[in-house]
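Next comes query-v8.pdb, a file with PDB, C-alpha atoms and all ligand atoms.
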ATOM      1  CA  MET A   2      17.418  -0.788 -14.999
ATOM      2  CA  SER A   3      13.951  -0.254 -13.532
ATOM      3  CA  MET A   4      11.685   2.425 -14.949
ATOM      4  CA  LEU A   5      10.937   3.611 -11.423
ATOM      5  CA  GLU A   6      12.733   2.729  -8.234
ATOM      6  CA  VAL A   7      11.687   3.914  -4.808
ATOM      7  CA  LYS A   8      14.089   3.278  -1.940
ATOM      8  CA  GLY A   9      13.042   3.521   1.688
ATOM      9  CA  VAL A  10      10.703   6.467   1.245
ATOM     10  CA  THR A  11       8.995   7.969   4.287
ATOM     11  CA  GLN A  12       6.568  10.886   4.442
ATOM     12  CA  ARG A  13       5.620  12.391   7.766
ATOM     13  CA  PHE A  14       2.916  14.978   8.380
ATOM     14  CA  GLY A  15       3.666  16.132  11.932
ATOM     15  CA  ASN A  16       3.278  12.998  14.036
ATOM     16  CA  LEU A  17       1.505  11.049  11.321
ATOM     17  CA  VAL A  18       3.649   8.724   9.192
ATOM     18  CA  ALA A  19       1.598   8.589   5.969
ATOM     19  CA  VAL A  20       4.232   6.594   4.020
ATOM     20  CA  SER A  21       6.670   4.528   6.019
ATOM     21  CA  ASP A  22       9.927   3.186   4.569
ATOM     22  CA  VAL A  23       8.382   2.089   1.266
ATOM     23  CA  SER A  24      10.584   0.479  -1.389
ATOM     24  CA  MET A  25       9.333  -0.578  -4.793
ATOM     25  CA  ALA A  26      10.713  -1.173  -8.290
ATOM     26  CA  VAL A  27       8.532  -0.920 -11.393
ATOM     27  CA  GLU A  28      10.001  -2.370 -14.583
ATOM     28  CA  LYS A  29       9.695  -0.859 -18.085
ATOM     29  CA  GLY A  30       6.377  -1.719 -19.690
ATOM     30  CA  GLU A  31       4.904  -3.032 -16.459
ATOM     31  CA  LEU A  32       1.377  -2.251 -15.294
ATOM     32  CA  ARG A  33       1.579  -2.056 -11.513
ATOM     33  CA  ALA A  34      -1.488  -1.707  -9.314
ATOM     34  CA  LEU A  35      -1.239  -0.048  -5.932
ATOM     35  CA  ILE A  36      -4.018  -1.065  -3.573
ATOM     36  CA  GLY A  37      -4.833  -0.588   0.073
ATOM     37  CA  PRO A  38      -7.587   0.644   2.386
ATOM     38  CA  ASN A  39      -8.599   4.299   2.649
ATOM     39  CA  GLY A  40      -5.849   6.345   4.229
ATOM     40  CA  ALA A  41      -3.193   3.699   3.456
ATOM     41  CA  GLY A  42      -0.968   6.371   1.888
ATOM     42  CA  LYS A  43      -1.532   5.661  -1.824
ATOM     43  CA  THR A  44      -2.146   9.253  -2.927
ATOM     44  CA  THR A  45       0.665  10.503  -0.693
ATOM     45  CA  PHE A  46       2.951   7.976  -2.374
ATOM     46  CA  PHE A  47       1.870   9.284  -5.808
ATOM     47  CA  ASN A  48       2.578  12.831  -4.641
ATOM     48  CA  LEU A  49       6.083  11.741  -3.687
ATOM     49  CA  ILE A  50       6.730   9.957  -6.996
ATOM     50  CA  SER A  51       5.415  12.875  -9.046
ATOM     51  CA  GLY A  52       7.212  15.538  -6.992
ATOM     52  CA  PHE A  53       4.334  17.299  -5.238
ATOM     53  CA  PHE A  54       5.897  16.309  -1.917
ATOM     54  CA  ARG A  55       9.515  15.902  -0.953
ATOM     55  CA  PRO A  56       9.994  12.795   1.146
ATOM     56  CA  THR A  57      11.091  13.096   4.752
ATOM     57  CA  GLU A  58      13.470  10.214   4.008
ATOM     58  CA  GLY A  59      14.426   8.007   1.076
ATOM     59  CA  GLN A  60      15.141   8.317  -2.618
ATOM     60  CA  ILE A  61      13.276   8.030  -5.916
ATOM     61  CA  PHE A  62      14.911   7.092  -9.218
ATOM     62  CA  LEU A  63      13.487   7.390 -12.725
ATOM     63  CA  GLU A  64      15.425   5.172 -15.131
ATOM     64  CA  GLY A  65      18.384   5.297 -12.782
ATOM     65  CA  ARG A  66      18.317   9.055 -12.313
ATOM     66  CA  ASP A  67      17.781  10.469  -8.836
ATOM     67  CA  ILE A  68      14.646  12.634  -9.023
ATOM     68  CA  THR A  69      13.958  12.839  -5.266
ATOM     69  CA  LEU A  70      14.213  16.635  -5.128
ATOM     70  CA  MET A  71      13.056  17.435  -8.651
ATOM     71  CA  PRO A  72       9.897  19.564  -9.059
ATOM     72  CA  PRO A  73       6.868  18.079 -10.881
ATOM     73  CA  HIS A  74       7.372  19.918 -14.198
ATOM     74  CA  ALA A  75      10.943  18.644 -14.455
ATOM     75  CA  ARG A  76       9.682  15.094 -13.957
ATOM     76  CA  VAL A  77       7.154  15.648 -16.750
ATOM     77  CA  ARG A  78      10.049  16.603 -19.030
ATOM     78  CA  LEU A  79      11.758  13.336 -18.116
ATOM     79  CA  GLY A  80       8.677  11.382 -19.189
ATOM     80  CA  MET A  81       6.395  11.156 -16.160
ATOM     81  CA  ALA A  82       2.721  12.131 -16.237
ATOM     82  CA  ARG A  83      -0.116  11.637 -13.780
ATOM     83  CA  THR A  84      -3.822  12.045 -13.234
ATOM     84  CA  PHE A  85      -5.496  12.944  -9.954
ATOM     85  CA  GLN A  86      -8.055  11.223  -7.746
ATOM     86  CA  VAL A  87     -10.433  14.102  -8.482
ATOM     87  CA  THR A  88     -10.605  14.841 -12.217
ATOM     88  CA  GLU A  89      -8.544  17.854 -13.292
ATOM     89  CA  ILE A  90      -9.977  19.042 -16.561
ATOM     90  CA  PHE A  91     -11.203  22.465 -17.643
ATOM     91  CA  PRO A  92     -14.975  21.904 -17.740
ATOM     92  CA  GLU A  93     -15.636  25.141 -19.663
ATOM     93  CA  LEU A  94     -13.416  24.054 -22.544
ATOM     94  CA  THR A  95     -14.220  21.505 -25.214
ATOM     95  CA  VAL A  96     -12.435  18.168 -25.226
ATOM     96  CA  ARG A  97     -10.366  19.323 -28.215
ATOM     97  CA  GLN A  98      -9.374  22.543 -26.414
ATOM     98  CA  ASN A  99      -8.416  20.622 -23.271
ATOM     99  CA  LEU A 100      -6.095  18.428 -25.323
ATOM    100  CA  ARG A 101      -4.442  21.320 -27.143
ATOM    101  CA  SER A 102      -2.371  22.731 -24.263
ATOM    102  CA  PRO A 103      -0.516  19.537 -23.330
ATOM    103  CA  VAL A 104       0.062  18.804 -27.029
ATOM    104  CA  GLU A 105       1.592  22.271 -27.518
ATOM    105  CA  LEU A 106       3.710  21.697 -24.428
ATOM    106  CA  ALA A 107       4.934  18.323 -25.717
ATOM    107  CA  LEU A 108       5.771  19.837 -29.116
ATOM    108  CA  GLY A 109       7.706  22.682 -27.457
ATOM    109  CA  LEU A 110       5.279  25.330 -28.713
ATOM    110  CA  ARG A 111       3.766  26.448 -25.432
ATOM    111  CA  LEU A 112       5.802  29.620 -24.904
ATOM    112  CA  ARG A 113       5.862  30.824 -28.494
ATOM    113  CA  PRO A 114       4.118  34.160 -29.087
ATOM    114  CA  TRP A 115       2.650  32.733 -32.294
ATOM    115  CA  ILE A 116       2.425  29.337 -33.936
ATOM    116  CA  SER A 117       3.125  28.845 -37.658
ATOM    117  CA  SER A 118       0.469  27.192 -39.756
ATOM    118  CA  ALA A 119       2.717  24.147 -40.162
ATOM    119  CA  ASP A 120       3.018  23.833 -36.377
ATOM    120  CA  ASN A 121      -0.689  24.438 -36.001
ATOM    121  CA  ALA A 122      -1.323  21.518 -38.357
ATOM    122  CA  ARG A 123       0.986  19.313 -36.276
ATOM    123  CA  VAL A 124      -0.939  20.248 -33.119
ATOM    124  CA  LYS A 125      -4.279  19.521 -34.793
ATOM    125  CA  ASP A 126      -3.087  16.145 -36.090
ATOM    126  CA  ARG A 127      -1.799  15.101 -32.710
ATOM    127  CA  VAL A 128      -5.025  16.226 -30.973
ATOM    128  CA  GLN A 129      -6.993  14.192 -33.516
ATOM    129  CA  GLU A 130      -4.818  11.157 -32.880
ATOM    130  CA  LEU A 131      -5.419  11.470 -29.121
ATOM    131  CA  LEU A 132      -9.181  11.889 -29.638
ATOM    132  CA  GLU A 133      -9.222   8.657 -31.641
ATOM    133  CA  MET A 134      -7.027   6.758 -29.200
ATOM    134  CA  GLY A 135      -9.330   7.819 -26.332
ATOM    135  CA  ARG A 136     -12.488   7.074 -28.409
ATOM    136  CA  LEU A 137     -13.512  10.694 -27.876
ATOM    137  CA  GLU A 138     -14.044  11.818 -31.511
ATOM    138  CA  ALA A 139     -17.822  12.001 -31.113
ATOM    139  CA  HIS A 140     -17.449  14.409 -28.171
ATOM    140  CA  ALA A 141     -14.514  16.453 -29.467
ATOM    141  CA  ASP A 142     -16.372  19.755 -29.680
ATOM    142  CA  ARG A 143     -18.590  19.409 -26.625
ATOM    143  CA  LEU A 144     -17.829  21.172 -23.357
ATOM    144  CA  THR A 145     -15.928  18.702 -21.226
ATOM    145  CA  GLY A 146     -18.030  19.585 -18.168
ATOM    146  CA  GLU A 147     -21.126  18.259 -19.956
ATOM    147  CA  LEU A 148     -19.688  14.823 -20.650
ATOM    148  CA  SER A 149     -20.266  11.652 -18.656
ATOM    149  CA  HIS A 150     -17.892  10.923 -15.832
ATOM    150  CA  GLY A 151     -16.215   8.196 -17.914
ATOM    151  CA  ASP A 152     -15.628  10.485 -20.897
ATOM    152  CA  GLN A 153     -14.277  13.229 -18.609
ATOM    153  CA  ARG A 154     -11.854  10.726 -17.146
ATOM    154  CA  ALA A 155     -10.870   9.555 -20.641
ATOM    155  CA  THR A 156     -10.216  13.209 -21.557
ATOM    156  CA  GLU A 157      -8.010  13.612 -18.510
ATOM    157  CA  ILE A 158      -6.078  10.431 -19.268
ATOM    158  CA  MET A 159      -5.541  11.553 -22.865
ATOM    159  CA  MET A 160      -4.344  14.977 -21.602
ATOM    160  CA  ALA A 161      -1.711  13.152 -19.565
ATOM    161  CA  LEU A 162      -0.846  10.985 -22.564
ATOM    162  CA  ALA A 163      -0.488  14.095 -24.714
ATOM    163  CA  LEU A 164       2.656  14.847 -22.709
ATOM    164  CA  GLU A 165       4.148  11.702 -24.284
ATOM    165  CA  PRO A 166       5.089  10.073 -21.001
ATOM    166  CA  ARG A 167       6.946   6.822 -20.663
ATOM    167  CA  ILE A 168       5.449   6.328 -17.221
ATOM    168  CA  LEU A 169       1.884   7.239 -16.369
ATOM    169  CA  LEU A 170       0.512   7.432 -12.814
ATOM    170  CA  LEU A 171      -3.270   7.045 -12.496
ATOM    171  CA  ASP A 172      -4.880   7.751  -9.105
ATOM    172  CA  GLU A 173      -8.223   5.929  -8.921
ATOM    173  CA  PRO A 174      -9.276   6.447 -12.537
ATOM    174  CA  THR A 175     -12.583   4.618 -11.989
ATOM    175  CA  ALA A 176     -13.521   6.385  -8.725
ATOM    176  CA  GLY A 177     -17.254   7.056  -8.539
ATOM    177  CA  MET A 178     -18.086   5.192 -11.753
ATOM    178  CA  GLY A 179     -20.783   2.637 -12.469
ATOM    179  CA  SER A 180     -19.829  -0.773 -13.850
ATOM    180  CA  HIS A 181     -20.209   0.174 -17.527
ATOM    181  CA  GLU A 182     -17.937   3.223 -17.249
ATOM    182  CA  THR A 183     -15.498   1.308 -15.051
ATOM    183  CA  TYR A 184     -15.237  -1.339 -17.768
ATOM    184  CA  SER A 185     -14.639   1.152 -20.581
ATOM    185  CA  THR A 186     -12.046   3.044 -18.518
ATOM    186  CA  ALA A 187     -10.250  -0.227 -17.754
ATOM    187  CA  MET A 188     -10.274  -1.090 -21.467
ATOM    188  CA  LEU A 189      -8.813   2.335 -22.309
ATOM    189  CA  ILE A 190      -6.000   1.790 -19.811
ATOM    190  CA  ARG A 191      -5.305  -1.668 -21.216
ATOM    191  CA  ARG A 192      -5.234  -0.327 -24.816
ATOM    192  CA  LEU A 193      -2.831   2.470 -23.907
ATOM    193  CA  HIS A 194      -0.611   0.120 -21.976
ATOM    194  CA  ARG A 195      -0.356  -2.291 -24.910
ATOM    195  CA  GLN A 196      -0.258   0.111 -27.841
ATOM    196  CA  GLN A 197       1.998   2.775 -26.374
ATOM    197  CA  ALA A 198       4.467   0.514 -24.551
ATOM    198  CA  LEU A 199       3.719   2.567 -21.446
ATOM    199  CA  THR A 200       4.720   1.812 -17.894
ATOM    200  CA  ILE A 201       1.659   2.432 -15.702
ATOM    201  CA  VAL A 202       1.200   2.682 -11.957
ATOM    202  CA  LEU A 203      -2.474   2.531 -11.059
ATOM    203  CA  VAL A 204      -4.200   3.176  -7.734
ATOM    204  CA  GLU A 205      -7.479   1.327  -7.861
ATOM    205  CA  HIS A 206     -10.171   0.000  -5.542
ATOM    206  CA  ASP A 207     -12.117  -2.109  -8.038
ATOM    207  CA  MET A 208     -10.761  -5.633  -7.656
ATOM    208  CA  ARG A 209     -11.993  -6.803 -11.072
ATOM    209  CA  VAL A 210     -10.086  -3.969 -12.737
ATOM    210  CA  ILE A 211      -6.940  -4.753 -10.766
ATOM    211  CA  PHE A 212      -6.969  -8.486 -11.307
ATOM    212  CA  ASN A 213      -7.676  -8.037 -15.032
ATOM    213  CA  LEU A 214      -5.085  -5.371 -15.753
ATOM    214  CA  ALA A 215      -2.164  -5.596 -13.371
ATOM    215  CA  ASP A 216       1.085  -7.447 -14.013
ATOM    216  CA  ARG A 217       1.958  -7.027 -10.347
ATOM    217  CA  ILE A 218       0.206  -5.622  -7.296
ATOM    218  CA  THR A 219       1.678  -3.747  -4.336
ATOM    219  CA  VAL A 220      -0.489  -3.656  -1.227
ATOM    220  CA  LEU A 221      -0.099  -0.698   1.128
ATOM    221  CA  ALA A 222      -1.607  -0.540   4.604
ATOM    222  CA  GLU A 223      -0.947   2.149   7.187
ATOM    223  CA  GLY A 224       1.825   3.540   5.010
ATOM    224  CA  LYS A 225       3.753   0.284   4.735
ATOM    225  CA  VAL A 226       4.109  -2.348   2.030
ATOM    226  CA  LEU A 227       2.086  -5.296   3.259
ATOM    227  CA  ASP A 228       2.795  -7.549   0.289
ATOM    228  CA  GLU A 229       3.699  -7.502  -3.385
ATOM    229  CA  GLY A 230       3.207 -10.063  -6.143
ATOM    230  CA  THR A 231       1.258 -11.192  -9.197
ATOM    231  CA  PRO A 232      -2.549 -11.014  -9.012
ATOM    232  CA  ASP A 233      -2.653 -14.754  -8.235
ATOM    233  CA  GLU A 234      -0.091 -14.387  -5.464
ATOM    234  CA  ILE A 235      -1.936 -11.449  -3.931
ATOM    235  CA  ALA A 236      -5.300 -13.230  -4.169
ATOM    236  CA  ALA A 237      -3.744 -16.124  -2.241
ATOM    237  CA  SER A 238      -1.823 -13.975   0.253
ATOM    238  CA  GLU A 239      -2.950 -14.566   3.807
ATOM    239  CA  VAL A 240      -1.638 -11.270   5.171
ATOM    240  CA  VAL A 241      -3.525  -9.397   2.466
ATOM    241  CA  GLN A 242      -6.726 -11.347   3.026
ATOM    242  CA  MET A 243      -6.595 -10.678   6.718
ATOM    243  CA  ALA A 244      -5.701  -7.038   6.533
ATOM    244  CA  TYR A 245      -7.535  -5.950   3.422
ATOM    245  CA  LEU A 246      -9.480  -8.261   1.157
ATOM    246  CA  GLY A 247     -11.220  -9.911   4.094
ATOM    247  CA  LYS A 248     -12.386  -6.572   5.437
ATOM    248  CA  ALA A 249     -13.488  -5.318   2.039
ATOM    249  CA  ALA A 250     -15.615  -8.405   1.304
TER     250      ALA A 250
HETATM  251  N1  LIG A 301      -1.175  17.085   2.976
HETATM  252  C1  LIG A 301      -1.424  16.338   4.059
HETATM  253  N2  LIG A 301      -1.242  16.819   5.306
HETATM  254  C2  LIG A 301      -1.509  16.070   6.396
HETATM  255  N3  LIG A 301      -1.915  14.781   6.332
HETATM  256  C3  LIG A 301      -2.124  14.244   5.133
HETATM  257  C4  LIG A 301      -1.882  14.978   3.928
HETATM  258  N4  LIG A 301      -2.165  14.169   2.868
HETATM  259  C5  LIG A 301      -2.548  12.998   3.379
HETATM  260  N5  LIG A 301      -2.516  13.021   4.743
HETATM  261  C6  LIG A 301      -2.838  11.905   5.636
HETATM  262  O1  LIG A 301      -1.996  10.814   5.261
HETATM  263  C7  LIG A 301      -2.694   9.568   5.340
HETATM  264  C8  LIG A 301      -2.665   8.893   3.986
HETATM  265  O2  LIG A 301      -3.533   9.597   3.109
HETATM  266  P1  LIG A 301      -3.635   9.297   1.549
HETATM  267  O3  LIG A 301      -4.536  10.313   0.952
HETATM  268  O4  LIG A 301      -2.285   9.167   0.982
HETATM  269  O5  LIG A 301      -4.353   7.857   1.545
HETATM  270  P2  LIG A 301      -4.970   7.035   0.329
HETATM  271  O6  LIG A 301      -4.423   5.653   0.460
HETATM  272  O7  LIG A 301      -4.802   7.731  -0.936
HETATM  273  O8  LIG A 301      -6.512   6.991   0.744
HETATM  274  P3  LIG A 301      -7.842   6.946  -0.201
HETATM  275  O9  LIG A 301      -8.035   5.504  -0.573
HETATM  276  O10 LIG A 301      -8.922   7.418   0.730
HETATM  277  O11 LIG A 301      -7.641   7.842  -1.360
HETATM  278  C9  LIG A 301      -4.080   9.897   5.844
HETATM  279  O12 LIG A 301      -4.092   9.701   7.235
HETATM  280  C10 LIG A 301      -4.258  11.362   5.484
HETATM  281  O13 LIG A 301      -5.137  11.994   6.369
HETATM  282 MG    MG A 302      -6.053   8.464  -2.378
END

Is it possible to give me this structure as structure tokens?
Amino acid sequence: MSMLEVKGVTQRFGNLVAVSDVSMAVEKGELRALIGPNGAGKTTFFNLISGFFRPTEGQIFLEGRDITLMPPHARVRLGMARTFQVTEIFPELTVRQNLRSPVELALGLRLRPWISSADNARVKDRVQELLEMGRLEAHADRLTGELSHGDQRATEIMMALALEPRILLLDEPTAGMGSHETYSTAMLIRRLHRQQALTIVLVEHDMRVIFNLADRITVLAEGKVLDEGTPDEIAASEVVQMAYLGKAA
């Protein structure tokens, strides 16, 4: 059974068809890249998978379960987490504070009026683990808004990981980064993918990142799947070269 299966999904905004009859299956443990020109429908597709939009047509399955009409928080409970194209952290909180809320949520402590010292220790340990995994220990007690773009993005990715997802959706994690930060963000994604046995769907524009990380690539253009295959297959694909890679070069 696939981790994620999308069947004939369409999203219309008035007359505009942002996502048009898209089908895609992502297997457990796969790292799938989603690429395509600006306006191709990548973020809209993420909003459909994560439940921020309800598709005009089609169905979405998470490990065989129909989640098409399920709200985002219910999908999080089933093991899906995402990050956004524009970073969604609380800049006025420290990195450690930002990580605390999703950890409490994952441990089922979020709605308790008080937390026992034993539970508090569990939260602290888990936050520490996430800081180390994200290589953020040195910045743990700094305000997140004061960090570099790359460290803010790492904080956001670790906040999503704190929810203990089995599938993680990352919308342009290296957007607006220089080559050094792009490289370290790509390495973080690779580490998480390997160490946590995570399924990842990644929207990305940087071709080096995509060709280094992805098991398979799906190419969207004008809301439709143009092609899908391994990095080598996509690099050699004539339709993709004509419609996308050629233009980008
Ligand atoms: N909420 C919305 N209401 C109306 N139109 C929208 C909405 N969201 C997206 N669109 C339109 O749908 C199309 C696809 O947009 P989308 O943001 O999904 O593209 P994208 O592939 O993520 O692009 P980018 O690479 O620039 O992030 C665009 O024409 C966009 O203007
Ligand atoms: Mg987008």

### Task
Would you work out the distance separating atom O4 of ligand LIG 301 (chain A) from CA of Leu162 in chain A, expressed in Å to one decimal?
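Separating atom O4 of ligand LIG 301 (chain A) from CA of Leu162 in chain A is a distance of 23.7 Å.
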
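For Val204 in chain A, the set of protein, DNA and RNA residues having any atom at most 9 Å away, when counting only C-alpha atoms and skipping those fewer than 4 positions along the same chain, is Arg33, Ala34, Leu35, Ile36, Gly37, Lys43, Thr44, Phe47, Gln86, Leu170, Leu171, Asp172, Glu173, Pro174 and Ile211 of chain A.
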
#### Entry: Using all atoms listed in the file: which of A:Gly146, A:Gly151, A:Pro92, A:Pro38 has the shortest distance to ligand MG 302 (chain A)
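Using all atoms listed in the file, the shortest distance to ligand MG 302 (chain A) belongs to A:Pro38.
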
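The smallest atom-to-atom distance between Asn99 in chain A and any of A:Ala163, A:Thr45, A:Leu63, A:Asp126, using only C-alpha atoms, is found for A:Ala163.
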
Edge lengths and centre in Å, axis-aligned, range 178-181 of chain A plus 5 Å each side, as lines of an AutoDock Vina configuration file:
center_x = -19.4
center_y = 2.2
center_z = -14.6
size_x = 12.7
size_y = 16.0
size_z = 15.8

### Query
Could you work out how far CA of Phe46 in chain A lies from CA of His206 in chain A, giving the answer in Å with one decimal?
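These two atoms are separated by 15.7 Å.
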
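Nearest residue to His150 in chain A among A:Arg167, A:Glu182, A:Glu28, A:Leu137 is A:Glu182, counting only C-alpha atoms.
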
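Distance cut-off 6 Å, centre (-13.9, 25.0, -29.1), atoms counted all atoms listed in the file; the residues meeting this are Thr95, Gln98 and Asp142 of chain A.
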
## Note on the structure
One residue among A:Arg154, A:Arg13, A:Arg55, A:Lys8 is nearest to ligand LIG 301 (chain A) when using only C-alpha atoms and all ligand atoms, and that residue is A:Arg13

Neighbours of range 191-196 of chain A within 9 Å (only C-alpha atoms; same-chain residues fewer than 4 positions away dropped), as an mmCIF file with C-alpha atoms, in the coordinates of the input?
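As written to disk, selection15.cif reads:
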data_model
loop_
_atom_site.group_PDB
_atom_site.id
_atom_site.type_symbol
_atom_site.label_atom_id
_atom_site.label_comp_id
_atom_site.auth_asym_id
_atom_site.auth_seq_id
_atom_site.Cartn_x
_atom_site.Cartn_y
_atom_site.Cartn_z
ATOM 1 C CA GLY A 30 6.377 -1.719 -19.690
ATOM 2 C CA GLU A 31 4.904 -3.032 -16.459
ATOM 3 C CA LEU A 32 1.377 -2.251 -15.294
ATOM 4 C CA MET A 134 -7.027 6.758 -29.200
ATOM 5 C CA GLY A 135 -9.330 7.819 -26.332
ATOM 6 C CA LEU A 162 -0.846 10.985 -22.564
ATOM 7 C CA THR A 186 -12.046 3.044 -18.518
ATOM 8 C CA ALA A 187 -10.250 -0.227 -17.754
ATOM 9 C CA THR A 200 4.720 1.812 -17.894
ATOM 10 C CA ILE A 201 1.659 2.432 -15.702
ATOM 11 C CA LEU A 214 -5.085 -5.371 -15.753
#

### Message
My list of candidates is A:Ala19, A:Ser3, A:Gly80, A:Asp120. Which is closest to Phe62 in chain A when distances are computed with only C-alpha atoms?
### Response
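Closest residue, counting only C-alpha atoms: A:Ser3.
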
### Task
Carefully work through the PyMOL selection byres (((chain A and resi 69) around 10) and not hetatm) for this structure and note down the residues it includes, as a PyMOL selection string.
chain A and resi 7+10+49-52+54-56+58-63+66-68+70-72+76

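With distances restricted to all atoms listed in the file, A:Gly42 is the closest residue to ligand LIG 301 (chain A) from A:Gly230, A:Gly42, A:Gly15, A:Pro166.
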
#### Entry: Point-to-point distance from CA of Glu205 in chain A to CA of Arg143 in chain A, Å rounded to tenths
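The value is 28.3 Å.
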
### Query
For this file, the PyMOL selection byres (((chain A and resi 106-112) around 9) and not hetatm) selects which residues, as a PyMOL selection string?
chain A and resi 78+101-105+113-116+120+123-124+163-165

### Query
If we count all atoms listed in the file, what is near Tyr184 in chain A at a cut-off of 9 Å, once residues fewer than 5 positions away on the same chain are taken out, given as a ChimeraX atom specification?
/A:175,179,189,210

### Message
Give me, as an MDAnalysis selection string, all polymer residues having an atom no more than 12 Å from Ile235 in chain A, counting only C-alpha atoms and skipping those fewer than 6 positions away in the same chain.
### Response
chainID A and resid 34:37 208 211:212 215:220 227:229 241:246

Residues from the last selection, C-alpha atoms, saved as an mmCIF file, in the frame of the given file:
data_model
loop_
_atom_site.group_PDB
_atom_site.id
_atom_site.type_symbol
_atom_site.label_atom_id
_atom_site.label_comp_id
_atom_site.auth_asym_id
_atom_site.auth_seq_id
_atom_site.Cartn_x
_atom_site.Cartn_y
_atom_site.Cartn_z
ATOM 1 C CA ALA A 34 -1.488 -1.707 -9.314
ATOM 2 C CA LEU A 35 -1.239 -0.048 -5.932
ATOM 3 C CA ILE A 36 -4.018 -1.065 -3.573
ATOM 4 C CA GLY A 37 -4.833 -0.588 0.073
ATOM 5 C CA MET A 208 -10.761 -5.633 -7.656
ATOM 6 C CA ILE A 211 -6.940 -4.753 -10.766
ATOM 7 C CA PHE A 212 -6.969 -8.486 -11.307
ATOM 8 C CA ALA A 215 -2.164 -5.596 -13.371
ATOM 9 C CA ASP A 216 1.085 -7.447 -14.013
ATOM 10 C CA ARG A 217 1.958 -7.027 -10.347
ATOM 11 C CA ILE A 218 0.206 -5.622 -7.296
ATOM 12 C CA THR A 219 1.678 -3.747 -4.336
ATOM 13 C CA VAL A 220 -0.489 -3.656 -1.227
ATOM 14 C CA LEU A 227 2.086 -5.296 3.259
ATOM 15 C CA ASP A 228 2.795 -7.549 0.289
ATOM 16 C CA GLU A 229 3.699 -7.502 -3.385
ATOM 17 C CA VAL A 241 -3.525 -9.397 2.466
ATOM 18 C CA GLN A 242 -6.726 -11.347 3.026
ATOM 19 C CA MET A 243 -6.595 -10.678 6.718
ATOM 20 C CA ALA A 244 -5.701 -7.038 6.533
ATOM 21 C CA TYR A 245 -7.535 -5.950 3.422
ATOM 22 C CA LEU A 246 -9.480 -8.261 1.157
#
